[in-house]
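First the structure, in the form of structure tokens, and then the observations on it.
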Amino acid sequence: MIAQGLTQLRTQADASPRVGPRIRLFNVKFSPNLGDGLLSECLEQALIDGGADADTWSVDLAARTAYGEGAEGRALKMRVLGTFPDPVRKLAVRAPLAIQGRRFWMPHYLRSLEGAQCAVIGGGNLIADLDLNFPTKLSLALAAAAWRDLPVFIYGCGVSSGWSRQGLTLLKSAVRRGNIRRVWVRDERSRLIWNDLIGHDTSLPADTVRDPGLLASTRYDIRPNPFARSEPLIGLNLTSPLAVRYHASHAPGEAELTEWYVALARSLLARGYRLAVFSNGSPEDREYTRSLHAPLMQLDKLGRVSFPVIDTPAELTRLIASCAGIAAFRMHAIIAAYSCGVPFLALSWDPKLESFVRSVDRGDWLCTPVRTSSNNAGDQLIRAMDQGIAPGERARIADRTRQGVSDLLAEINRAIG
């Protein structure tokens, strides 16, 4: 009887639904740049769809809790910091980062990890040293996970070169805590940089996976747009020259980039296209887009230029999906376009963008603004629109993206038993 009862209990236990792991994702979901929110929402949903507990969500590394937070003074700060040499910039931000870490970030991380079974540093160009920002935050996040005795995984992140000595020291000390179990980065360039900086020294070599943003069309239930060809709309996804200059070493000046944008718009309007001129949401990008209202409207005699304002990743994705083609600097605008089958002109400014474009075999859709004439850029975008993106090709990329998430979940389940 006892043996029979034990057998029944085991059978009932086996038949009961398994509860997936409760995961906290550290990223910058609520960054003013909605592309960061897009990839975070895609990764959250992919994990839940793959079997993670529904109580799986993102912890914003800047302790933001909603879209639209934390943007005040950002453009001014970038302007001021952009005038400083690198060593001076790092000195100027060191004390504010330390204060923010103690007062806001660490308490936020510890509270957010309550009830979690593991942590994932997930998505975005997080392994980067821009004014010690991410090295400081990642060090604190890893310390919080260690305090909670949680295994940590790095997944789908971009890795940048150009680290300062202090930034690299912070990152290496954090990694050597020993709670990171595995590392996956989003492209081959990131893998090589990670292994050179960290992987070879810590026995944590990186593997590559697809960027979670490639699941945008599934995450936001995007359907084929029957009007994209019959009523062709081209999206101009603008990035402020301030942002380009802050992040890129060989950026065009504001006057010449503005002149180039206006000439590109003129070229596309002359060919009969409608234009949607928008940004990914960062305040400096919104401000710059507003500054182009007047010159662009002067080109428009037939009401064919619109200036949609977007406030969420879903709105960003749906706007991009409504276009026959887009031209953009921002990487996740390009990734969303690919996911939705929208051809693009990727405006080259950062190696991470070029890495993605080449990873989907679209190197001929890259364009260097200003150096490439606006007419030639327009021709290049139209050729991309004629070429298109085959549904089967996108489906294969999406399957590989989901497989990467499945591999992450398998490792998490092994780690937590």
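As shown in the structure tokens, the chain order sets the letters A, B, ...; within each chain, residues go from 1, and ligands are also counted from 1 in the order they appear.
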I'd like the contact shell of Asn225 in chain A - 10 Å cut-off, only C-alpha atoms, skipping same-chain residues fewer than 5 positions apart - returned as a list in words.
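Answer for this query is Ala321, Ser322, Cys323, Ala324, Cys340, Gly341 and Val342 of chain A.
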List every residue of range 279-369 of chain A that DSSP, applied to the backbone of this structure, assigns to strand (DSSP E or B), and report them as a PyMOL selection string.
chain A and resi 305-306+325-328+344-347+366-367+369
Can you tell me which residues surround range 296-305 of chain A at a distance of at most 12 Å, considering only C-alpha atoms, apart from same-chain residues fewer than 2 positions away, and format the answer as a ChimeraX atom specification?
/A:231-236,258-278,289-294,307-308
Close residues, Thr368 in chain A itself excluded, 10 Å, only C-alpha atoms, min 6 positions apart in chain, as a count of residues only
8
Within range 159-319 of chain A, find each residue whose DSSP state, derived from the backbone, is helix (DSSP H, G or I), and express the selection as number ranges by chain.
A: 165-175, 188-202, 212-219, 241-247, 254-270, 283-291, 293-299, 313-319
